Number of protein chains: 2
Amino acid sequence: MPTISQKGKMMPASPIRKLVPYAEEAKKRGVKVYHLNIGQPDIETPEVALNAIRNFDEKVVEYSHSAGIQSYREKLVHYYTKHNIHITADEIIIGAGASEAILFAMNSCMDPGDEVIIPEPFYANYNGFAVNSGVNVVPIPSTIETGFALPPIAEFEKAISPKTKAIIICNPNNPTGYLYSKEELEVLREIVLKYDLFLFADEVYREFCYDGKEHFSVMHLEGLDQNVVLIDSVSKRYSACGVRIGAMISKNKELMATAMKFAQARLSPPSFGQVAAEAALETPDSYFVNVLNEYLARRNVVVDAINKIEGAFCPNPEGAFYVVAKLPIDDSDRFCQWLLEDFEYQNRTVMLAPATGFYATKGKGLNEVRISYVLNVEDLTNSMICLNQALKVYPGRTA
Amino acid sequence: MPTISQKGKMMPASPIRKLVPYAEEAKKRGVKVYHLNIGQPDIETPEVALNAIRNFDEKVVEYSHSAGIQSYREKLVHYYTKHNIHITADEIIIGAGASEAILFAMNSCMDPGDEVIIPEPFYANYNGFAVNSGVNVVPIPSTIETGFALPPIAEFEKAISPKTKAIIICNPNNPTGYLYSKEELEVLREIVLKYDLFLFADEVYREFCYDGKEHFSVMHLEGLDQNVVLIDSVSKRYSACGVRIGAMISKNKELMATAMKFAQARLSPPSFGQVAAEAALETPDSYFVNVLNEYLARRNVVVDAINKIEGAFCPNPEGAFYVVAKLPIDDSDRFCQWLLEDFEYQNRTVMLAPATGFYATKGKGLNEVRISYVLNVEDLTNSMICLNQALKVYPGRTA
């Protein structure tokens, strides 16, 4: 029997999905499970996007251009202009989700053995993409006490080696919800220029900023045209995770020519998804106003509830739709599994993501969980009641 | 300025697409270009698939299961049963095209530096996927004189090293159209078992067999459950290249568990494409009868025409919708570019794929081109007239 690859053995299992079998068992027992573990919103996809699909009138579903449908990329230019990001259609490669866009970027910029610095906790699948590309993740710590602000410049400098090729940030952040300030990004700019690095910025939650805060993009930083790679996706913006349409954007011509070779090898991004994403650009502003108000209300429910639980703490993040909360527990993996296996309150329980999966440093995140506030206020309220009750009886409670 | 990766530099440009700028220039001059360079058929996608998309009635376009929609995989089981391939839904992972499925398979089975044996000429993007995974392609020669039959076992044995992890075949073959016989596959079986290798079989053209020949799948080989990885796609079957739905299929549980980690990291395959592909399984048999008759007529036009050209030769392939033809030319890259840049006959020209891009061995394929017979009989007839006229005046003609 032939053996599987070392790469395959090293590939991490998804921390978000490994509890799925326990959730299925709970449902079989008749327990209602509130899914706060994944970033799958319940918000409706804009009608204008769905109608474009319903009105699809081509006779043949053809390959698109490997970089994506030209008219879509041209309309995206206008979308970015509205966000004060000035690019051309040639500076965009459409990917099958941000996932494929990150793989294009990693493979184009980094070789096996190269290092990428990422403030932790970070989006767990960056680990998977790094293993996929043979790249080593070098984490630097951000902490719940500062609300997961950007680590000080000294932490970056400690982590930089001759193998360092890039820094990845996610802004607003998944899993922490933290919104990086202009000042923090200026710090990153200095490091990137000083050490001649690529800066990958995953800005898929750009629209989700609260409390009157505005998003500052890496594309607004001066003099970084050759360094910055913007990673984007329509999944969260239009609550259309299944369309699998993302983008890799850069002004570095050599990088884009290289990434195009990877894009051409896989022929093209999904055509239907592009049709929906192109139409979604016509989504009325009122949609976003409503969605933002909804998420804001949800965030407040979660943050207020967590901070009322004895021994628990949660910052008040200003972006995305996640919080990382500190709980009085011994082991978040054990706790999240216990919630599904051994707990119910009024025939309900809650599924959370153990924060351990968002740290590259072993032992971190043991008393933290990520909560996605992707359910409505009533369900979230009930979820928080469940969580509070659970913590009263969890055998591994620490405080 | 940060440097791009070595991997990115090594990544081959698509041989099918590198002539596109010349074709665009020809069109600007008012010349009609017959596209025989790509595998984008003009055949209509089945109505049943398009109607499923037009009737999409979900409110949210959600992520699907990372391995693909359960109901789709269950229906695929029945599709394969009809082809005497017996698998379960758990033995299928849906990918964004065969492209992603091959990447999952390569990454799960092979590490950087490992070797994969492929009879050449072969589907050019295998080169790209190999570079992507850091895997080295070891080509073994198949020749136009034998119609590109499977090379003898001695050629495989010469190529096998301690680094060899897998063999890739494409059956029916792209670019040659060759249909491997049961006897040839039995030879492969022996090699695979003797050296404990994986056998990847790209069978995306399964339905396209002519002259009464039947397709024999690697899944029909005995005792290879742990070795065989079937790569599939709906792109050609239903003329739906843009849906980007393929599959990786194996009975090797450890391999599938490993591939699932790669699948989970990218979250899910395209949802709309899966809806179309699931519905496409209801395509009436009459569709395939008509399509096969059409392709058969096209093949005959091309093969007859080529073999009437002095100094040209083309086997009569029994599958897919490609032929590799030998032409009296000095350099197929130069010839194919010349056709677009410097030639027209009655204001028409033809775009072909130089066969050099389908060989890993430098210098091979210089007097060969790949012709995709994806246009109707009238256009193909005109294309062959163009080609004949072109060869009369091409300055690099050799015979």
# chains A, B, ... in the order shown; residues from 1 in each chain; ligands from 1
call {"tool": "select_by_dssp", "arguments": {"residues": "range 204-328 of chain B", "states": "strand (DSSP E or B)", "output": "mmCIF file with all heavy atoms, in the first residue's frame"}}
result
data_model
loop_
_atom_site.group_PDB
_atom_site.id
_atom_site.type_symbol
_atom_site.label_atom_id
_atom_site.label_comp_id
_atom_site.auth_asym_id
_atom_site.auth_seq_id
_atom_site.Cartn_x
_atom_site.Cartn_y
_atom_site.Cartn_z
ATOM 1 N N CYS B 209 -16.205 7.946 -26.493
ATOM 2 C CA CYS B 209 -15.523 6.826 -27.136
ATOM 3 C C CYS B 209 -16.247 6.537 -28.445
ATOM 4 O O CYS B 209 -17.480 6.559 -28.475
ATOM 5 C CB CYS B 209 -15.567 5.586 -26.248
ATOM 6 S SG CYS B 209 -14.740 5.826 -24.666
ATOM 7 N N VAL B 228 -5.541 3.276 -6.594
ATOM 8 C CA VAL B 228 -6.186 4.043 -7.668
ATOM 9 C C VAL B 228 -6.852 5.314 -7.146
ATOM 10 O O VAL B 228 -7.535 5.306 -6.129
ATOM 11 C CB VAL B 228 -7.228 3.152 -8.388
ATOM 12 C CG1 VAL B 228 -8.278 3.995 -9.083
ATOM 13 C CG2 VAL B 228 -6.525 2.249 -9.405
ATOM 14 N N VAL B 229 -6.601 6.407 -7.860
ATOM 15 C CA VAL B 229 -7.294 7.672 -7.619
ATOM 16 C C VAL B 229 -7.921 8.082 -8.947
ATOM 17 O O VAL B 229 -7.215 8.297 -9.934
ATOM 18 C CB VAL B 229 -6.330 8.777 -7.148
ATOM 19 C CG1 VAL B 229 -7.106 10.065 -6.866
ATOM 20 C CG2 VAL B 229 -5.558 8.333 -5.917
ATOM 21 N N LEU B 230 -9.245 8.145 -8.952
ATOM 22 C CA LEU B 230 -9.960 8.545 -10.158
ATOM 23 C C LEU B 230 -10.168 10.051 -10.114
ATOM 24 O O LEU B 230 -10.613 10.606 -9.111
ATOM 25 C CB LEU B 230 -11.309 7.818 -10.197
ATOM 26 C CG LEU B 230 -12.180 8.041 -11.431
ATOM 27 C CD1 LEU B 230 -11.482 7.521 -12.683
ATOM 28 C CD2 LEU B 230 -13.523 7.340 -11.246
ATOM 29 N N ILE B 231 -9.815 10.711 -11.219
ATOM 30 C CA ILE B 231 -10.037 12.153 -11.352
ATOM 31 C C ILE B 231 -11.146 12.345 -12.372
ATOM 32 O O ILE B 231 -11.095 11.761 -13.456
ATOM 33 C CB ILE B 231 -8.752 12.871 -11.831
ATOM 34 C CG1 ILE B 231 -7.588 12.629 -10.868
ATOM 35 C CG2 ILE B 231 -9.007 14.361 -12.046
ATOM 36 C CD1 ILE B 231 -7.771 13.213 -9.482
ATOM 37 N N ASP B 232 -12.138 13.141 -12.010
ATOM 38 C CA ASP B 232 -13.256 13.298 -12.924
ATOM 39 C C ASP B 232 -13.677 14.760 -12.989
ATOM 40 O O ASP B 232 -13.224 15.590 -12.197
ATOM 41 C CB ASP B 232 -14.431 12.412 -12.478
ATOM 42 C CG ASP B 232 -15.197 11.849 -13.668
ATOM 43 O OD1 ASP B 232 -15.217 12.507 -14.725
ATOM 44 O OD2 ASP B 232 -15.777 10.766 -13.536
ATOM 45 N N SER B 233 -14.538 15.063 -13.937
ATOM 46 C CA SER B 233 -15.027 16.425 -14.120
ATOM 47 C C SER B 233 -16.290 16.384 -14.938
ATOM 48 O O SER B 233 -16.462 15.500 -15.780
ATOM 49 C CB SER B 233 -13.983 17.258 -14.862
ATOM 50 O OG SER B 233 -14.561 18.455 -15.341
ATOM 51 N N GLY B 246 -15.455 19.110 -10.406
ATOM 52 C CA GLY B 246 -14.775 17.858 -10.671
ATOM 53 C C GLY B 246 -14.834 16.986 -9.438
ATOM 54 O O GLY B 246 -15.574 17.273 -8.490
ATOM 55 N N ALA B 247 -14.076 15.910 -9.444
ATOM 56 C CA ALA B 247 -14.093 15.006 -8.300
ATOM 57 C C ALA B 247 -12.797 14.219 -8.202
ATOM 58 O O ALA B 247 -12.151 13.924 -9.213
ATOM 59 C CB ALA B 247 -15.263 14.036 -8.412
ATOM 60 N N MET B 248 -12.432 13.918 -6.967
ATOM 61 C CA MET B 248 -11.358 12.983 -6.667
ATOM 62 C C MET B 248 -12.024 11.796 -5.984
ATOM 63 O O MET B 248 -12.771 11.976 -5.027
ATOM 64 C CB MET B 248 -10.365 13.657 -5.714
ATOM 65 C CG MET B 248 -9.370 12.701 -5.111
ATOM 66 S SD MET B 248 -8.379 13.506 -3.822
ATOM 67 C CE MET B 248 -7.606 12.030 -3.128
ATOM 68 N N ILE B 249 -11.762 10.605 -6.493
ATOM 69 C CA ILE B 249 -12.446 9.406 -5.998
ATOM 70 C C ILE B 249 -11.418 8.336 -5.659
ATOM 71 O O ILE B 249 -10.535 8.036 -6.467
ATOM 72 C CB ILE B 249 -13.439 8.879 -7.061
ATOM 73 C CG1 ILE B 249 -14.540 9.927 -7.280
ATOM 74 C CG2 ILE B 249 -14.024 7.525 -6.654
ATOM 75 C CD1 ILE B 249 -15.456 9.639 -8.450
ATOM 76 N N PHE B 313 0.338 13.735 -41.140
ATOM 77 C CA PHE B 313 -0.195 12.445 -40.693
ATOM 78 C C PHE B 313 -0.925 12.620 -39.363
ATOM 79 O O PHE B 313 -0.514 13.394 -38.504
ATOM 80 C CB PHE B 313 0.923 11.420 -40.522
ATOM 81 C CG PHE B 313 0.473 10.176 -39.790
ATOM 82 C CD1 PHE B 313 -0.451 9.309 -40.374
ATOM 83 C CD2 PHE B 313 0.939 9.895 -38.500
ATOM 84 C CE1 PHE B 313 -0.889 8.176 -39.687
ATOM 85 C CE2 PHE B 313 0.505 8.754 -37.820
ATOM 86 C CZ PHE B 313 -0.409 7.897 -38.414
ATOM 87 N N GLY B 319 -11.176 8.333 -28.902
ATOM 88 C CA GLY B 319 -11.802 8.962 -27.749
ATOM 89 C C GLY B 319 -11.528 10.449 -27.655
ATOM 90 O O GLY B 319 -10.765 11.014 -28.431
ATOM 91 N N TYR B 322 -9.811 15.370 -29.363
ATOM 92 C CA TYR B 322 -8.541 15.956 -29.782
ATOM 93 C C TYR B 322 -7.829 14.988 -30.714
ATOM 94 O O TYR B 322 -8.006 13.779 -30.615
ATOM 95 C CB TYR B 322 -7.614 16.168 -28.577
ATOM 96 C CG TYR B 322 -8.237 16.940 -27.454
ATOM 97 C CD1 TYR B 322 -8.766 16.279 -26.337
ATOM 98 C CD2 TYR B 322 -8.282 18.327 -27.495
ATOM 99 C CE1 TYR B 322 -9.340 16.988 -25.299
ATOM 100 C CE2 TYR B 322 -8.852 19.042 -26.448
ATOM 101 C CZ TYR B 322 -9.383 18.368 -25.352
ATOM 102 O OH TYR B 322 -9.947 19.066 -24.335
ATOM 103 N N VAL B 323 -7.000 15.543 -31.594
ATOM 104 C CA VAL B 323 -6.005 14.731 -32.287
ATOM 105 C C VAL B 323 -4.676 15.463 -32.190
ATOM 106 O O VAL B 323 -4.628 16.688 -32.095
ATOM 107 C CB VAL B 323 -6.333 14.502 -33.788
ATOM 108 C CG1 VAL B 323 -7.678 13.799 -33.943
ATOM 109 C CG2 VAL B 323 -6.324 15.810 -34.558
ATOM 110 N N VAL B 324 -3.604 14.682 -32.142
ATOM 111 C CA VAL B 324 -2.276 15.246 -32.348
ATOM 112 C C VAL B 324 -1.866 14.865 -33.761
ATOM 113 O O VAL B 324 -1.884 13.679 -34.118
ATOM 114 C CB VAL B 324 -1.260 14.739 -31.313
ATOM 115 C CG1 VAL B 324 0.168 15.147 -31.720
ATOM 116 C CG2 VAL B 324 -1.585 15.315 -29.936
ATOM 117 N N ALA B 325 -1.579 15.880 -34.570
ATOM 118 C CA ALA B 325 -1.232 15.660 -35.975
ATOM 119 C C ALA B 325 0.214 16.041 -36.211
ATOM 120 O O ALA B 325 0.727 16.993 -35.609
ATOM 121 C CB ALA B 325 -2.139 16.505 -36.867
ATOM 122 N N LYS B 326 0.863 15.264 -37.070
ATOM 123 C CA LYS B 326 2.236 15.563 -37.477
ATOM 124 C C LYS B 326 2.165 16.383 -38.765
ATOM 125 O O LYS B 326 1.453 15.997 -39.703
ATOM 126 C CB LYS B 326 2.948 14.234 -37.727
ATOM 127 C CG LYS B 326 4.428 14.319 -37.928
ATOM 128 C CD LYS B 326 5.002 12.913 -37.763
ATOM 129 C CE LYS B 326 6.137 12.656 -38.731
ATOM 130 N NZ LYS B 326 6.638 11.272 -38.583
#
call {"tool": "residues_around", "arguments": {"residues": "range 137-153 of chain B", "least_positions_apart": "4", "cutoff": "6 Å", "atoms": "only C-alpha atoms", "output": "PDB file with N, CA and C atoms, in the first residue's frame"}}
result
ATOM      1  N   GLU B 115       8.549  11.921  -7.453  1.00  0.00           N
ATOM      2  CA  GLU B 115       8.417  11.855  -8.912  1.00  0.00           C
ATOM      3  C   GLU B 115       7.108  11.192  -9.345  1.00  0.00           C
ATOM      4  N   VAL B 116       6.560  11.709 -10.421  1.00  0.00           N
ATOM      5  CA  VAL B 116       5.367  11.117 -11.020  1.00  0.00           C
ATOM      6  C   VAL B 116       5.678  10.826 -12.493  1.00  0.00           C
ATOM      7  N   ILE B 117       5.363   9.611 -12.914  1.00  0.00           N
ATOM      8  CA  ILE B 117       5.608   9.200 -14.297  1.00  0.00           C
ATOM      9  C   ILE B 117       4.363   9.479 -15.134  1.00  0.00           C
ATOM     10  N   ILE B 118       4.554  10.122 -16.276  1.00  0.00           N
ATOM     11  CA  ILE B 118       3.433  10.399 -17.179  1.00  0.00           C
ATOM     12  C   ILE B 118       3.876  10.123 -18.611  1.00  0.00           C
ATOM     13  N   PRO B 119       3.116   9.255 -19.324  1.00  0.00           N
ATOM     14  CA  PRO B 119       3.415   9.091 -20.756  1.00  0.00           C
ATOM     15  C   PRO B 119       3.188  10.430 -21.473  1.00  0.00           C
ATOM     16  N   GLU B 120       4.179  10.831 -22.295  1.00  0.00           N
ATOM     17  CA  GLU B 120       4.001  12.082 -23.033  1.00  0.00           C
ATOM     18  C   GLU B 120       3.706  11.782 -24.490  1.00  0.00           C
ATOM     19  N   PRO B 315      -3.182   9.981 -36.545  1.00  0.00           N
ATOM     20  CA  PRO B 315      -3.846   8.708 -36.220  1.00  0.00           C
ATOM     21  C   PRO B 315      -5.352   8.930 -36.181  1.00  0.00           C
TER      22      PRO B 315
END
call {"tool": "interface_residues", "arguments": {"of": "chain B", "to": "chain A", "cutoff": "7 Å", "atoms": "only C-alpha atoms", "output": "PyMOL selection string"}}
result
chain B and resi 1-2+4-8+11-14+40+43-45+53-56+59-64+99+107-111+125+128+196-198+226-227+239-244+255+258+261+264-266+270-273
call {"tool": "select_by_dssp", "arguments": {"residues": "range 21-225 of chain B", "states": "helix (DSSP H, G or I)", "output": "ChimeraX atom specification"}}
result
/B:21-28,47-54,70-82,89-91,97-109,125-133,144-146,153-159,182-195,218-220
call {"tool": "residues_around", "arguments": {"residues": "Lys364 in chain B", "least_positions_apart": "5", "cutoff": "9 Å", "atoms": "only C-alpha atoms", "output": "ChimeraX atom specification"}}
result
/B:121,355-356,358-359
call {"tool": "write_last_selection", "arguments": {"atoms": "N, CA, C and O atoms", "output": "mmCIF file, in the first residue's frame"}}
result
data_model
loop_
_atom_site.group_PDB
_atom_site.id
_atom_site.type_symbol
_atom_site.label_atom_id
_atom_site.label_comp_id
_atom_site.auth_asym_id
_atom_site.auth_seq_id
_atom_site.Cartn_x
_atom_site.Cartn_y
_atom_site.Cartn_z
ATOM 1 N N PRO B 121 3.031 12.667 -25.209
ATOM 2 C CA PRO B 121 2.517 13.962 -24.767
ATOM 3 C C PRO B 121 1.389 13.798 -23.736
ATOM 4 O O PRO B 121 0.679 12.803 -23.761
ATOM 5 N N ALA B 355 2.294 21.313 -30.162
ATOM 6 C CA ALA B 355 2.386 20.113 -29.321
ATOM 7 C C ALA B 355 3.565 20.180 -28.349
ATOM 8 O O ALA B 355 3.593 19.428 -27.368
ATOM 9 N N THR B 356 4.497 21.079 -28.581
ATOM 10 C CA THR B 356 5.651 21.199 -27.675
ATOM 11 C C THR B 356 5.219 21.344 -26.218
ATOM 12 O O THR B 356 5.868 20.817 -25.316
ATOM 13 N N PHE B 358 2.888 19.978 -24.737
ATOM 14 C CA PHE B 358 2.351 18.744 -24.166
ATOM 15 C C PHE B 358 3.448 17.707 -23.889
ATOM 16 O O PHE B 358 3.153 16.595 -23.466
ATOM 17 N N TYR B 359 4.672 18.080 -24.203
ATOM 18 C CA TYR B 359 5.810 17.201 -23.918
ATOM 19 C C TYR B 359 6.643 17.817 -22.793
ATOM 20 O O TYR B 359 6.822 19.032 -22.736
#
call {"tool": "residues_around", "arguments": {"residues": "range 303-307 of chain B", "least_positions_apart": "5", "cutoff": "7 Å", "atoms": "only C-alpha atoms", "output": "PDB file with all heavy atoms, in the first residue's frame"}}
result
ATOM      1  N   ALA B 312       1.627  15.351 -44.113  1.00  0.00           N
ATOM      2  CA  ALA B 312       0.981  15.378 -42.790  1.00  0.00           C
ATOM      3  C   ALA B 312       0.467  13.988 -42.439  1.00  0.00           C
ATOM      4  O   ALA B 312       0.197  13.175 -43.323  1.00  0.00           O
ATOM      5  CB  ALA B 312      -0.164  16.376 -42.789  1.00  0.00           C
ATOM      6  N   PHE B 313       0.338  13.735 -41.140  1.00  0.00           N
ATOM      7  CA  PHE B 313      -0.195  12.445 -40.693  1.00  0.00           C
ATOM      8  C   PHE B 313      -0.925  12.620 -39.363  1.00  0.00           C
ATOM      9  O   PHE B 313      -0.514  13.394 -38.504  1.00  0.00           O
ATOM     10  CB  PHE B 313       0.923  11.420 -40.522  1.00  0.00           C
ATOM     11  CG  PHE B 313       0.473  10.176 -39.790  1.00  0.00           C
ATOM     12  CD1 PHE B 313      -0.451   9.309 -40.374  1.00  0.00           C
ATOM     13  CD2 PHE B 313       0.939   9.895 -38.500  1.00  0.00           C
ATOM     14  CE1 PHE B 313      -0.889   8.176 -39.687  1.00  0.00           C
ATOM     15  CE2 PHE B 313       0.505   8.754 -37.820  1.00  0.00           C
ATOM     16  CZ  PHE B 313      -0.409   7.897 -38.414  1.00  0.00           C
ATOM     17  N   CYS B 314      -1.972  11.842 -39.231  1.00  0.00           N
ATOM     18  CA  CYS B 314      -2.762  11.912 -38.007  1.00  0.00           C
ATOM     19  C   CYS B 314      -3.352  10.541 -37.746  1.00  0.00           C
ATOM     20  O   CYS B 314      -3.956   9.950 -38.647  1.00  0.00           O
ATOM     21  CB  CYS B 314      -3.832  12.967 -38.244  1.00  0.00           C
ATOM     22  SG  CYS B 314      -5.120  13.027 -37.055  1.00  0.00           S
ATOM     23  N   ASN B 316      -6.106   7.859 -36.051  1.00  0.00           N
ATOM     24  CA  ASN B 316      -7.565   7.955 -35.978  1.00  0.00           C
ATOM     25  C   ASN B 316      -7.992   7.624 -34.542  1.00  0.00           C
ATOM     26  O   ASN B 316      -8.363   6.496 -34.243  1.00  0.00           O
ATOM     27  CB  ASN B 316      -8.193   6.974 -36.962  1.00  0.00           C
ATOM     28  CG  ASN B 316      -9.682   7.224 -37.126  1.00  0.00           C
ATOM     29  OD1 ASN B 316     -10.157   8.360 -37.019  1.00  0.00           O
ATOM     30  ND2 ASN B 316     -10.433   6.159 -37.372  1.00  0.00           N
ATOM     31  N   MET B 384      -9.784  23.227 -41.952  1.00  0.00           N
ATOM     32  CA  MET B 384      -8.836  22.302 -42.576  1.00  0.00           C
ATOM     33  C   MET B 384      -8.382  22.825 -43.947  1.00  0.00           C
ATOM     34  O   MET B 384      -7.230  22.646 -44.336  1.00  0.00           O
ATOM     35  CB  MET B 384      -9.467  20.901 -42.694  1.00  0.00           C
ATOM     36  CG  MET B 384      -9.675  20.206 -41.347  1.00  0.00           C
ATOM     37  SD  MET B 384      -8.141  19.952 -40.378  1.00  0.00           S
ATOM     38  CE  MET B 384      -8.373  21.116 -39.036  1.00  0.00           C
TER      39      MET B 384
END
call {"tool": "closest_residue", "arguments": {"among": "A:Asp211, A:Glu184, A:Glu74, A:Glu25", "to": "Leu340 in chain A", "atoms": "only C-alpha atoms"}}
result
A:Glu25
call {"tool": "closest_residue", "arguments": {"among": "A:Pro172, A:Pro354, A:Gly223, A:Pro395", "to": "Asn367 in chain A", "atoms": "only C-alpha atoms"}}
result
A:Pro354
call {"tool": "residues_around", "arguments": {"residues": "Ile85 in chain B", "least_positions_apart": "4", "cutoff": "9 Å", "atoms": "only C-alpha atoms", "output": "ChimeraX atom specification"}}
result
/B:77,79-81,217,219-220
call {"tool": "residues_around", "arguments": {"residues": "Val20 in chain B", "least_positions_apart": "5", "cutoff": "12 Å", "atoms": "only C-alpha atoms", "output": "list of chain:residue names"}}
result
A:His65, B:Ser14, B:Pro15, B:Glu25, B:Ala26, B:Lys27, B:Val33, B:His35, B:Asn37, B:Ile38, B:Cys336, B:Gln337, B:Leu340, B:Glu341, B:Met351, B:Leu352, B:Ala353
call {"tool": "write_last_selection", "arguments": {"atoms": "C-alpha atoms", "output": "JSON list (two decimals), in the first residue's frame"}}
result
[["chain", "number", "residue", "atom", "x", "y", "z"],
["A", 65, "HIS", "CA", -10.91, 34.24, -18.66],
["B", 14, "SER", "CA", -0.11, 27.67, -20.55],
["B", 15, "PRO", "CA", 0.78, 26.44, -24.05],
["B", 25, "GLU", "CA", -4.45, 41.02, -33.08],
["B", 26, "ALA", "CA", -5.67, 38.89, -36.01],
["B", 27, "LYS", "CA", -9.28, 39.58, -35.04],
["B", 33, "VAL", "CA", -9.95, 32.87, -36.28],
["B", 35, "HIS", "CA", -10.33, 28.26, -32.32],
["B", 37, "ASN", "CA", -6.58, 25.42, -29.69],
["B", 38, "ILE", "CA", -8.75, 24.90, -26.62],
["B", 336, "CYS", "CA", 1.06, 28.39, -34.79],
["B", 337, "GLN", "CA", 2.17, 31.97, -34.19],
["B", 340, "LEU", "CA", -2.17, 34.11, -36.51],
["B", 341, "GLU", "CA", 0.38, 36.79, -37.33],
["B", 351, "MET", "CA", -5.55, 28.72, -34.07],
["B", 352, "LEU", "CA", -3.88, 25.46, -33.03],
["B", 353, "ALA", "CA", -1.98, 24.36, -29.92]]
call {"tool": "closest_residue", "arguments": {"among": "B:Arg299, B:Lys182, B:Glu368, B:Val48", "to": "Pro284 in chain B", "atoms": "only C-alpha atoms"}}
result
B:Val48
call {"tool": "atom_distance", "arguments": {"atom1": "CA of Asn293 in chain A", "atom2": "CA of Lys308 in chain A"}}
result
22.7 Å
call {"tool": "atom_distance", "arguments": {"atom1": "CA of Ile169 in chain B", "atom2": "CA of Leu19 in chain B"}}
result
26.6 Å
call {"tool": "decode", "arguments": {"residues": "range 133-137 of chain A", "atoms": "all heavy atoms", "output": "tab-separated table (two decimals), in the first residue's frame"}}
result
chain	number	residue	atom	x	y	z
A	133	SER	N	1.65	25.00	0.73
A	133	SER	CA	2.75	25.62	-0.02
A	133	SER	C	4.12	25.30	0.56
A	133	SER	O	5.13	25.78	0.05
A	133	SER	CB	2.57	27.14	-0.04
A	133	SER	OG	1.34	27.48	-0.62
A	134	GLY	N	4.17	24.53	1.64
A	134	GLY	CA	5.46	24.19	2.26
A	134	GLY	C	6.07	25.35	3.04
A	134	GLY	O	7.25	25.32	3.38
A	135	VAL	N	5.28	26.35	3.34
A	135	VAL	CA	5.76	27.56	4.01
A	135	VAL	C	5.57	27.40	5.52
A	135	VAL	O	4.61	26.81	5.98
A	135	VAL	CB	4.97	28.77	3.47
A	135	VAL	CG1	5.21	30.01	4.31
A	135	VAL	CG2	5.30	29.01	2.01
A	136	ASN	N	6.53	27.93	6.29
A	136	ASN	CA	6.42	27.85	7.75
A	136	ASN	C	5.81	29.12	8.32
A	136	ASN	O	6.27	30.23	8.03
A	136	ASN	CB	7.81	27.63	8.37
A	136	ASN	CG	8.42	26.33	7.90
A	136	ASN	OD1	7.73	25.31	7.80
A	136	ASN	ND2	9.70	26.35	7.57
A	137	VAL	N	4.79	28.94	9.16
A	137	VAL	CA	4.16	30.07	9.83
A	137	VAL	C	4.95	30.41	11.09
A	137	VAL	O	5.23	29.53	11.91
A	137	VAL	CB	2.70	29.74	10.21
A	137	VAL	CG1	2.11	30.82	11.11
A	137	VAL	CG2	1.85	29.55	8.96
